[in-house]
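Visitor: For reference, this is entry-v2.cif, and it has mmCIF, C-alpha atoms.
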data_data
#
loop_
_atom_site.label_atom_id
_atom_site.label_comp_id
_atom_site.auth_asym_id
_atom_site.auth_seq_id
_atom_site.Cartn_x
_atom_site.Cartn_y
_atom_site.Cartn_z
CA MET X 25 21.59 8.33 19.11
CA ALA X 26 19.91 5.01 18.32
CA LYS X 27 16.72 5.06 16.27
CA VAL X 28 13.76 3.00 17.45
CA ILE X 29 11.55 2.54 14.38
CA LEU X 30 8.00 1.36 15.02
CA VAL X 31 6.17 -0.07 11.99
CA THR X 32 2.39 -0.21 12.40
CA GLY X 33 0.59 -2.73 10.23
CA GLY X 34 3.82 -4.67 10.44
CA SER X 35 2.41 -8.07 9.45
CA GLY X 36 0.61 -6.84 6.32
CA LEU X 37 1.81 -6.69 2.75
CA VAL X 38 4.13 -3.69 3.00
CA GLY X 39 5.14 -4.25 6.63
CA SER X 40 6.20 -7.82 5.87
CA ALA X 41 8.22 -6.58 2.90
CA ILE X 42 10.01 -3.97 5.02
CA ARG X 43 10.75 -6.68 7.59
CA THR X 44 12.22 -8.87 4.83
CA ILE X 45 14.45 -5.99 3.67
CA VAL X 46 15.77 -4.96 7.09
CA GLU X 47 15.98 -8.41 8.73
CA THR X 48 16.28 -11.18 6.14
CA GLN X 49 18.29 -9.08 3.67
CA ASN X 50 20.20 -7.29 6.45
CA GLU X 51 19.64 -3.72 5.20
CA ALA X 52 19.10 -2.25 8.68
CA LEU X 53 21.79 0.19 9.84
CA PRO X 54 23.72 -0.48 13.08
CA ASP X 55 21.97 2.39 14.92
CA GLU X 56 18.47 1.21 13.97
CA LYS X 57 16.17 -0.99 16.07
CA TRP X 58 13.13 -2.08 14.05
CA ILE X 59 9.87 -3.09 15.77
CA PHE X 60 6.96 -4.54 13.79
CA THR X 61 3.55 -4.41 15.43
CA ASN X 62 0.07 -5.41 14.30
CA SER X 63 -3.58 -5.27 15.38
CA LYS X 64 -3.18 -8.33 17.62
CA GLU X 65 -0.76 -6.35 19.79
CA ALA X 66 -2.69 -3.06 19.79
CA ASP X 67 -6.03 -1.81 18.45
CA LEU X 68 -5.02 1.55 16.99
CA ASN X 69 -8.68 2.64 16.86
CA ASP X 70 -8.33 2.89 20.64
CA VAL X 71 -6.33 5.90 21.84
CA GLN X 72 -5.28 4.28 25.15
CA ALA X 73 -4.09 1.12 23.39
CA THR X 74 -2.07 3.35 21.04
CA ARG X 75 -0.49 5.20 23.97
CA ASP X 76 0.31 1.91 25.72
CA LEU X 77 2.08 0.72 22.55
CA PHE X 78 4.21 3.89 22.40
CA GLU X 79 4.94 3.67 26.12
CA LYS X 80 6.14 0.09 25.64
CA TYR X 81 8.53 0.76 22.75
CA LYS X 82 9.24 4.53 22.98
CA PRO X 83 9.80 4.93 19.23
CA THR X 84 11.87 7.77 17.78
CA HIS X 85 10.52 7.11 14.26
CA VAL X 86 7.26 5.61 12.96
CA ILE X 87 6.34 4.04 9.64
CA HIS X 88 2.54 4.10 9.74
CA LEU X 89 1.00 1.39 7.53
CA ALA X 90 -1.95 0.27 9.67
CA ALA X 91 -5.27 0.94 7.95
CA MET X 92 -8.58 -0.58 7.03
CA VAL X 93 -7.98 -1.48 3.38
CA GLY X 94 -9.74 -3.47 0.69
CA GLY X 95 -10.41 -3.89 -2.99
CA LEU X 96 -13.01 -2.21 -5.17
CA PHE X 97 -16.08 -4.21 -4.12
CA HIS X 98 -15.27 -4.14 -0.38
CA ASN X 99 -14.88 -0.35 -0.57
CA MET X 100 -18.14 0.10 -2.48
CA ASP X 101 -20.10 -1.64 0.29
CA ASN X 102 -18.38 -0.11 3.32
CA ASN X 103 -17.49 3.55 2.75
CA LEU X 104 -18.60 4.63 6.24
CA ASP X 105 -16.43 2.02 7.96
CA PHE X 106 -13.43 2.92 5.80
CA LEU X 107 -13.89 6.61 6.64
CA ARG X 108 -14.37 6.33 10.41
CA LYS X 109 -11.83 3.60 11.19
CA ASN X 110 -9.04 5.21 9.17
CA ILE X 111 -9.69 8.68 10.63
CA HIS X 112 -9.48 7.23 14.16
CA ILE X 113 -6.33 5.21 13.50
CA ASN X 114 -4.51 8.08 11.79
CA ASP X 115 -5.42 10.65 14.46
CA ASN X 116 -4.33 8.31 17.25
CA ILE X 117 -0.97 7.62 15.59
CA LEU X 118 -0.11 11.23 14.76
CA GLU X 119 -1.21 12.73 18.09
CA THR X 120 0.50 9.98 20.11
CA SER X 121 3.65 10.39 17.99
CA PHE X 122 3.63 14.11 18.80
CA GLN X 123 3.09 13.47 22.52
CA TYR X 124 6.00 10.99 22.59
CA ASN X 125 8.35 13.33 20.68
CA VAL X 126 8.68 11.05 17.66
CA LYS X 127 11.14 12.72 15.27
CA LYS X 128 9.55 11.51 12.05
CA VAL X 129 6.40 9.73 10.91
CA VAL X 130 6.08 8.31 7.40
CA SER X 131 2.47 7.39 6.60
CA CYS X 132 1.06 5.57 3.59
CA LEU X 133 -1.47 7.10 1.18
CA SER X 134 -2.56 5.66 -2.19
CA THR X 135 -3.01 6.81 -5.79
CA CYS X 136 -6.67 5.75 -5.51
CA ILE X 137 -7.39 8.81 -3.32
CA PHE X 138 -6.73 11.30 -6.16
CA PRO X 139 -9.61 13.11 -7.90
CA ASP X 140 -11.74 10.95 -10.17
CA LYS X 141 -11.87 13.64 -12.84
CA THR X 142 -8.35 14.90 -13.39
CA SER X 143 -5.59 15.27 -15.96
CA TYR X 144 -2.89 12.62 -16.24
CA PRO X 145 -0.33 11.87 -15.08
CA ILE X 146 -1.27 12.78 -11.53
CA ASN X 147 1.40 14.26 -9.25
CA GLU X 148 1.75 15.13 -5.58
CA THR X 149 0.19 18.60 -5.94
CA MET X 150 -3.17 17.24 -7.20
CA ILE X 151 -4.45 15.12 -4.28
CA HIS X 152 -7.09 17.64 -3.15
CA ASN X 153 -8.14 19.02 -6.56
CA GLY X 154 -11.58 17.38 -6.72
CA PRO X 155 -13.76 14.56 -5.35
CA PRO X 156 -12.33 11.01 -5.40
CA HIS X 157 -13.97 8.15 -7.29
CA PRO X 158 -17.36 7.45 -5.65
CA SER X 159 -16.53 3.76 -5.17
CA ASN X 160 -14.00 4.48 -2.39
CA PHE X 161 -14.77 7.98 -1.14
CA GLY X 162 -14.66 6.94 2.53
CA TYR X 163 -11.12 5.56 2.38
CA SER X 164 -10.00 8.42 0.10
CA TYR X 165 -11.15 11.27 2.32
CA ALA X 166 -9.70 9.61 5.44
CA LYS X 167 -6.32 9.30 3.70
CA ARG X 168 -6.51 12.84 2.34
CA LEU X 169 -7.07 14.09 5.90
CA LEU X 170 -3.82 12.37 6.89
CA ASP X 171 -1.96 14.64 4.44
CA ILE X 172 -3.85 17.66 5.86
CA ALA X 173 -2.94 16.62 9.42
CA ASN X 174 0.76 16.27 8.48
CA LYS X 175 0.76 19.87 7.24
CA ALA X 176 -1.14 21.12 10.29
CA TYR X 177 1.29 19.44 12.72
CA TYR X 178 4.19 20.99 10.81
CA GLN X 179 2.56 24.44 10.82
CA LYS X 180 1.89 24.36 14.57
CA HIS X 181 4.81 22.28 15.90
CA GLY X 182 7.44 22.06 13.12
CA VAL X 183 7.49 18.23 13.22
CA ILE X 184 8.24 16.10 10.17
CA PHE X 185 5.16 13.97 9.70
CA THR X 186 5.07 13.07 6.01
CA SER X 187 3.53 10.53 3.64
CA VAL X 188 4.23 8.43 0.59
CA VAL X 189 1.80 7.62 -2.22
CA PRO X 190 2.37 4.16 -3.72
CA CYS X 191 0.70 2.92 -6.87
CA ASN X 192 -0.92 -0.56 -6.71
CA VAL X 193 1.21 -2.72 -4.41
CA PHE X 194 1.37 -6.52 -4.53
CA GLY X 195 3.64 -9.31 -3.34
CA PRO X 196 4.10 -12.01 -0.69
CA HIS X 197 1.92 -11.72 2.45
CA ASP X 198 -0.82 -9.88 0.54
CA ASN X 199 -4.50 -10.33 1.38
CA PHE X 200 -5.72 -13.07 -0.98
CA ASP X 201 -9.29 -13.13 0.34
CA LEU X 202 -11.50 -13.11 -2.77
CA LYS X 203 -14.10 -10.71 -1.37
CA ASN X 204 -11.72 -8.04 -0.09
CA ALA X 205 -8.47 -8.46 -2.03
CA HIS X 206 -6.91 -6.03 -4.47
CA VAL X 207 -6.69 -7.05 -8.11
CA VAL X 208 -3.35 -8.98 -8.21
CA PRO X 209 -3.98 -11.29 -5.21
CA ALA X 210 -7.64 -11.71 -6.22
CA LEU X 211 -6.67 -12.86 -9.73
CA ILE X 212 -3.95 -15.17 -8.39
CA HIS X 213 -6.36 -16.81 -5.93
CA ARG X 214 -9.16 -17.03 -8.51
CA LEU X 215 -6.93 -18.78 -11.04
CA HIS X 216 -5.53 -21.11 -8.36
CA ILE X 217 -9.11 -22.23 -7.58
CA ALA X 218 -9.94 -22.62 -11.29
CA LEU X 219 -6.90 -24.86 -11.80
CA ASP X 220 -7.73 -26.91 -8.69
CA ASN X 221 -11.19 -27.48 -10.16
CA GLY X 222 -9.75 -28.51 -13.53
CA ALA X 223 -11.32 -25.52 -15.30
CA ASP X 224 -10.23 -24.56 -18.78
CA LYS X 225 -11.60 -21.01 -18.38
CA PHE X 226 -10.31 -18.13 -16.21
CA VAL X 227 -13.02 -15.53 -15.51
CA VAL X 228 -11.75 -11.99 -14.80
CA LEU X 229 -14.21 -9.50 -13.28
CA GLY X 230 -14.64 -6.39 -15.42
CA SER X 231 -13.71 -5.56 -19.00
CA GLY X 232 -9.93 -5.92 -18.59
CA LYS X 233 -9.48 -2.43 -20.05
CA PRO X 234 -8.56 -0.28 -16.99
CA LEU X 235 -4.88 0.74 -16.82
CA ARG X 236 -2.79 0.40 -13.68
CA GLN X 237 0.80 0.79 -12.47
CA PHE X 238 1.96 -2.00 -10.16
CA ILE X 239 4.85 -1.90 -7.69
CA TYR X 240 6.38 -5.01 -6.10
CA SER X 241 6.18 -4.87 -2.31
CA LEU X 242 9.93 -5.44 -1.86
CA ASP X 243 10.71 -2.48 -4.14
CA LEU X 244 8.26 -0.32 -2.19
CA ALA X 245 9.85 -1.49 1.08
CA ARG X 246 13.30 -0.28 -0.04
CA LEU X 247 11.80 3.06 -1.03
CA PHE X 248 10.02 3.36 2.34
CA VAL X 249 13.34 2.83 4.13
CA TRP X 250 14.98 5.45 1.88
CA VAL X 251 12.18 7.95 2.67
CA LEU X 252 12.54 7.33 6.41
CA ARG X 253 16.28 8.00 6.27
CA ASN X 254 16.51 10.70 3.60
CA TYR X 255 13.22 12.49 2.78
CA ASP X 256 12.51 15.39 5.15
CA ASP X 257 9.64 17.24 3.46
CA VAL X 258 6.05 17.15 4.80
CA GLU X 259 4.73 17.23 1.22
CA PRO X 260 3.90 13.68 0.02
CA ILE X 261 6.04 11.81 -2.47
CA ILE X 262 4.66 9.35 -5.05
CA LEU X 263 6.42 5.96 -5.00
CA SER X 264 5.51 4.41 -8.32
CA VAL X 265 6.98 2.63 -11.29
CA ASP X 266 7.44 4.72 -14.43
CA GLU X 267 4.49 5.78 -16.58
CA LYS X 268 5.68 3.52 -19.42
CA ASP X 269 5.21 0.51 -17.12
CA GLU X 270 1.42 0.96 -16.89
CA ILE X 271 -0.53 -2.08 -18.13
CA THR X 272 -4.15 -3.11 -18.63
CA ILE X 273 -5.93 -5.56 -16.33
CA ARG X 274 -6.09 -7.89 -19.34
CA GLN X 275 -2.28 -7.82 -19.64
CA LEU X 276 -2.00 -8.44 -15.90
CA ALA X 277 -4.35 -11.44 -16.12
CA GLU X 278 -2.27 -12.81 -19.03
CA MET X 279 0.94 -12.48 -16.95
CA ILE X 280 -0.66 -14.31 -14.02
CA ALA X 281 -1.97 -17.03 -16.37
CA LYS X 282 1.55 -17.42 -17.78
CA SER X 283 3.04 -17.73 -14.28
CA PHE X 284 0.58 -20.57 -13.54
CA ASN X 285 1.28 -22.09 -16.97
CA PHE X 286 -2.48 -21.86 -17.60
CA GLN X 287 -3.31 -22.89 -21.18
CA GLY X 288 -7.08 -22.23 -21.10
CA ILE X 289 -9.32 -19.33 -22.11
CA LEU X 290 -9.44 -15.88 -20.46
CA GLU X 291 -12.99 -14.56 -20.16
CA PHE X 292 -13.99 -11.06 -19.01
CA ASP X 293 -17.20 -10.58 -17.02
CA THR X 294 -18.29 -7.16 -18.25
CA SER X 295 -21.28 -7.12 -15.86
CA ALA X 296 -18.81 -6.38 -13.01
CA ALA X 297 -17.63 -2.83 -12.23
CA ASP X 298 -14.28 -1.61 -13.56
CA GLY X 299 -13.64 1.23 -11.10
CA GLN X 300 -11.43 4.08 -12.37
CA ILE X 301 -10.36 3.53 -15.97
CA LYS X 302 -6.87 4.84 -15.18
CA LYS X 303 -4.92 6.62 -12.45
CA THR X 304 -1.52 7.13 -14.08
CA ALA X 305 0.95 8.61 -11.58
CA SER X 306 4.11 10.57 -12.28
CA ASN X 307 7.22 9.56 -10.32
CA ASP X 308 9.22 12.61 -11.49
CA LYS X 309 9.79 13.80 -7.91
CA LEU X 310 11.16 10.38 -6.89
CA ARG X 311 13.32 10.12 -10.04
CA LYS X 312 14.89 13.55 -9.38
CA LEU X 313 15.85 12.49 -5.84
CA LEU X 314 16.69 8.84 -6.60
CA PRO X 315 17.42 8.61 -10.34
CA ASN X 316 19.06 5.18 -10.40
CA PHE X 317 16.50 3.10 -8.50
CA LYS X 318 15.80 -0.12 -10.37
CA PHE X 319 12.32 -1.63 -10.09
CA THR X 320 11.85 -5.39 -10.31
CA HIS X 321 10.53 -6.37 -13.74
CA LEU X 322 6.77 -6.89 -13.44
CA GLU X 323 6.70 -10.39 -14.95
CA THR X 324 9.42 -11.49 -12.51
CA ALA X 325 7.60 -9.97 -9.52
CA ILE X 326 4.29 -11.58 -10.57
CA ALA X 327 5.98 -14.97 -11.00
CA ASP X 328 7.64 -14.66 -7.56
CA THR X 329 4.29 -13.76 -5.96
CA VAL X 330 2.54 -16.69 -7.63
CA GLU X 331 5.29 -19.02 -6.37
CA TRP X 332 4.94 -17.62 -2.83
CA PHE X 333 1.17 -18.15 -2.97
CA LYS X 334 1.53 -21.74 -4.20
CA LYS X 335 3.87 -22.53 -1.29
CA ASN X 336 1.93 -20.60 1.35
CA ASN X 337 -1.73 -20.68 0.31
CA LYS X 338 -2.67 -22.74 3.37
CA GLN X 339 -1.37 -19.94 5.62
CA ALA X 340 -2.02 -16.95 3.34
CA ARG X 341 -4.74 -14.46 4.23
CA LEU X 342 -7.63 -16.05 2.35
CA VAL X 343 -10.35 -14.82 4.69
CA ALA X 344 -10.97 -11.23 5.76
CA PRO X 345 -9.69 -10.48 9.30
#
Would you write out, as structure tokens, the structure that this file holds?
Guide:
Amino acid sequence: MAKVILVTGGSGLVGSAIRTIVETQNEALPDEKWIFTNSKEADLNDVQATRDLFEKYKPTHVIHLAAMVGGLFHNMDNNLDFLRKNIHINDNILETSFQYNVKKVVSCLSTCIFPDKTSYPINETMIHNGPPHPSNFGYSYAKRLLDIANKAYYQKHGVIFTSVVPCNVFGPHDNFDLKNAHVVPALIHRLHIALDNGADKFVVLGSGKPLRQFIYSLDLARLFVWVLRNYDDVEPIILSVDEKDEITIRQLAEMIAKSFNFQGILEFDTSAADGQIKKTASNDKLRKLLPNFKFTHLETAIADTVEWFKKNNKQARLVAP
């Protein structure tokens, strides 16, 4: 039987990467029909709009990426909005998927939802072990409830609604808006402006000391497709690069500077918040199931993203939607 796979948030960072993998790089299987939708087609905060979308496409499988997302400072200012909007979107998608007999839903969580005070590395069993970092508690609790809902649907109805937990994702089609962007696109855009203005100084917000793992969106896209086809457990699975690939924000800024061939000075604005100092994730579960997966080297992925931004910055998402 043919699979009809609906991807919500299909024009965002991860959705665009999945589209590249299955369409441009021809990795779709013959029995798969992929549909990419976005907020222009349906407001998933609205339950009737969600039902109309499912009635239109009648999906058998869903990759659920749609969410209200943002970087550290956007989260700090808007925890209520992040909580309410994401709860509404997630409930509408899961309940409508159940009503339309969707066989499998794969939703997207994040390592930033884990407890603020925890031991490292974090793994899939630790999501609910304590309060999240106060900077993004609204987003975190909404995403944690998605994992709870998956388990509740399985307990009551036996359906496979599951989730993946990526580390920090970046790549082409990211949100490069300076106010709301995550760290990689924000740094790329900030340095692009500095170079346009002839500056010999690149100011990075924060101390540069926090540690992060970064995954290239095209690598994450391949893993999402693998999960959809092969992972049938309702327990979440972390999709992250290895622990040894964790780097500081300073090292990240240096990589981005190198990709721009920037010869000036890096300066760190320590008056700005750092957020969590680290959130090292273990990918042991992934490595046991998929031991030979090769991640794109970080310097290569950063350079490719910088090149994409240079070519597309007139069309890139530079302003919040």
Visitor: Neighbouring residues of Thr74 of chain X were defined as those with any atom within 8 Å, considering only C-alpha atoms; residues of the same chain fewer than 5 positions away were excluded. Please report them as a PDB file with C-alpha atoms, in the frame of the given file.
Guide:
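File produced: around_36.pdb:
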ATOM      1  CA  ALA X  66      -2.690  -3.060  19.790  1.00  0.00           C
ATOM      2  CA  ASP X  67      -6.030  -1.810  18.450  1.00  0.00           C
ATOM      3  CA  LEU X  68      -5.020   1.550  16.990  1.00  0.00           C
ATOM      4  CA  ASN X  69      -8.680   2.640  16.860  1.00  0.00           C
ATOM      5  CA  ASN X 116      -4.330   8.310  17.250  1.00  0.00           C
ATOM      6  CA  ILE X 117      -0.970   7.620  15.590  1.00  0.00           C
ATOM      7  CA  THR X 120       0.500   9.980  20.110  1.00  0.00           C
TER       8      THR X 120
END
Visitor: What do you get, as a list of chain:residue names, if you spell out every residue that the PyMOL selection byres ((chain X and resi 302-311) around 8) selects here?
Guide: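 For this structure, the PyMOL selection byres ((chain X and resi 302-311) around 8) resolves to X:Thr135, X:Cys136, X:Tyr144, X:Pro145, X:Ile146, X:Asn147, X:Cys191, X:Pro234, X:Leu235, X:Arg236, X:Gln237, X:Ile261, X:Ile262, X:Leu263, X:Ser264, X:Val265, X:Asp266, X:Glu267, X:Glu270, X:Gln300, X:Ile301, X:Lys312, X:Leu313, X:Leu314, X:Pro315, X:Asn316, X:Phe317.
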Visitor: For the file shown, report as a ChimeraX atom specification the outcome of the PyMOL selection byres ((chain X and resi 231) around 7) at residue level.
Guide: /X:229-230,232-233,292-294,298
Visitor: Considering all atoms listed in the file, state which residue in the set X:Ala325, X:Val93, X:Cys132, X:Leu53 is at the smallest distance from Tyr240 of chain X.
Guide: X:Ala325
Visitor: For the file shown, report as an MDAnalysis selection string the outcome of the PyMOL selection byres ((chain X and resi 322) around 12) at residue level.
Guide: chainID X and resid 193:195 208 237:241 243 265:266 269:271 275:276 279:280 283 318:321 323:329
Visitor: What does the structure give for the distance between atom CA of Asp224 of chain X and atom CA of Lys282 of chain X, in Å to one decimal?
Guide: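 Separation between atom CA of Asp224 of chain X and atom CA of Lys282 of chain X: 13.8 Å.
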Visitor: Could you check how far atom CA of Pro139 of chain X sits from atom CA of Val183 of chain X, in Å to one decimal?
Guide: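 Going from atom CA of Pro139 of chain X over to atom CA of Val183 of chain X, I get 27.7 Å.
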Visitor: Using all atoms listed in the file, can you tell me which of X:Pro190, X:Gly162, X:Pro156, X:Pro196 comes closest to Arg43 of chain X?
Guide: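 Among the listed residues, X:Pro196 lies closest to Arg43 of chain X.
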Visitor: From the options X:Val28, X:Leu211, X:Val228, X:Ala277, which residue's atoms come nearest to Ala297 of chain X, counting all atoms listed in the file?
Guide: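 Checking each of X:Val28, X:Leu211, X:Val228, X:Ala277 against Ala297 of chain X, counting all atoms listed in the file, the winner is X:Val228.
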Visitor: Extract, using all atoms listed in the file, all DNA, RNA and protein residues at most 9 Å from Lys141 of chain X, discarding same-chain residues fewer than 5 positions from it, and format them as an mmCIF file with C-alpha atoms, in the coordinates of the input.
Guide:
data_model
loop_
_atom_site.group_PDB
_atom_site.id
_atom_site.type_symbol
_atom_site.label_atom_id
_atom_site.label_comp_id
_atom_site.auth_asym_id
_atom_site.auth_seq_id
_atom_site.Cartn_x
_atom_site.Cartn_y
_atom_site.Cartn_z
ATOM 1 C CA GLY X 154 -11.580 17.380 -6.720
ATOM 2 C CA PRO X 155 -13.760 14.560 -5.350
ATOM 3 C CA PRO X 156 -12.330 11.010 -5.400
ATOM 4 C CA HIS X 157 -13.970 8.150 -7.290
#
Visitor: In terms of the shortest atom-to-atom distance over all atoms listed in the file, which of X:Ile59, X:Leu89, X:Ala73, X:Ala205 is closest to Thr32 of chain X?
Guide: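 The answer is X:Leu89, which sits nearest to Thr32 of chain X.
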Visitor: Take atom CA of Tyr163 of chain X and atom CA of Tyr124 of chain X and report the distance between them in Å, one decimal.
Guide: 27.0 Å
Visitor: Looking at X:Ile151, X:Ala210, X:Ala91, X:Val189, which one is nearest to Leu244 of chain X, with distances taken over all atoms listed in the file?
Guide: X:Val189
Visitor: Could you check the closest approach to Asn204 of chain X for each of X:Met100, X:Val46, X:Ile29, X:Leu242 and tell me which residue wins, using all atoms listed in the file?
Guide: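 Going through X:Met100, X:Val46, X:Ile29, X:Leu242 one by one, the smallest distance to Asn204 of chain X is for X:Met100.
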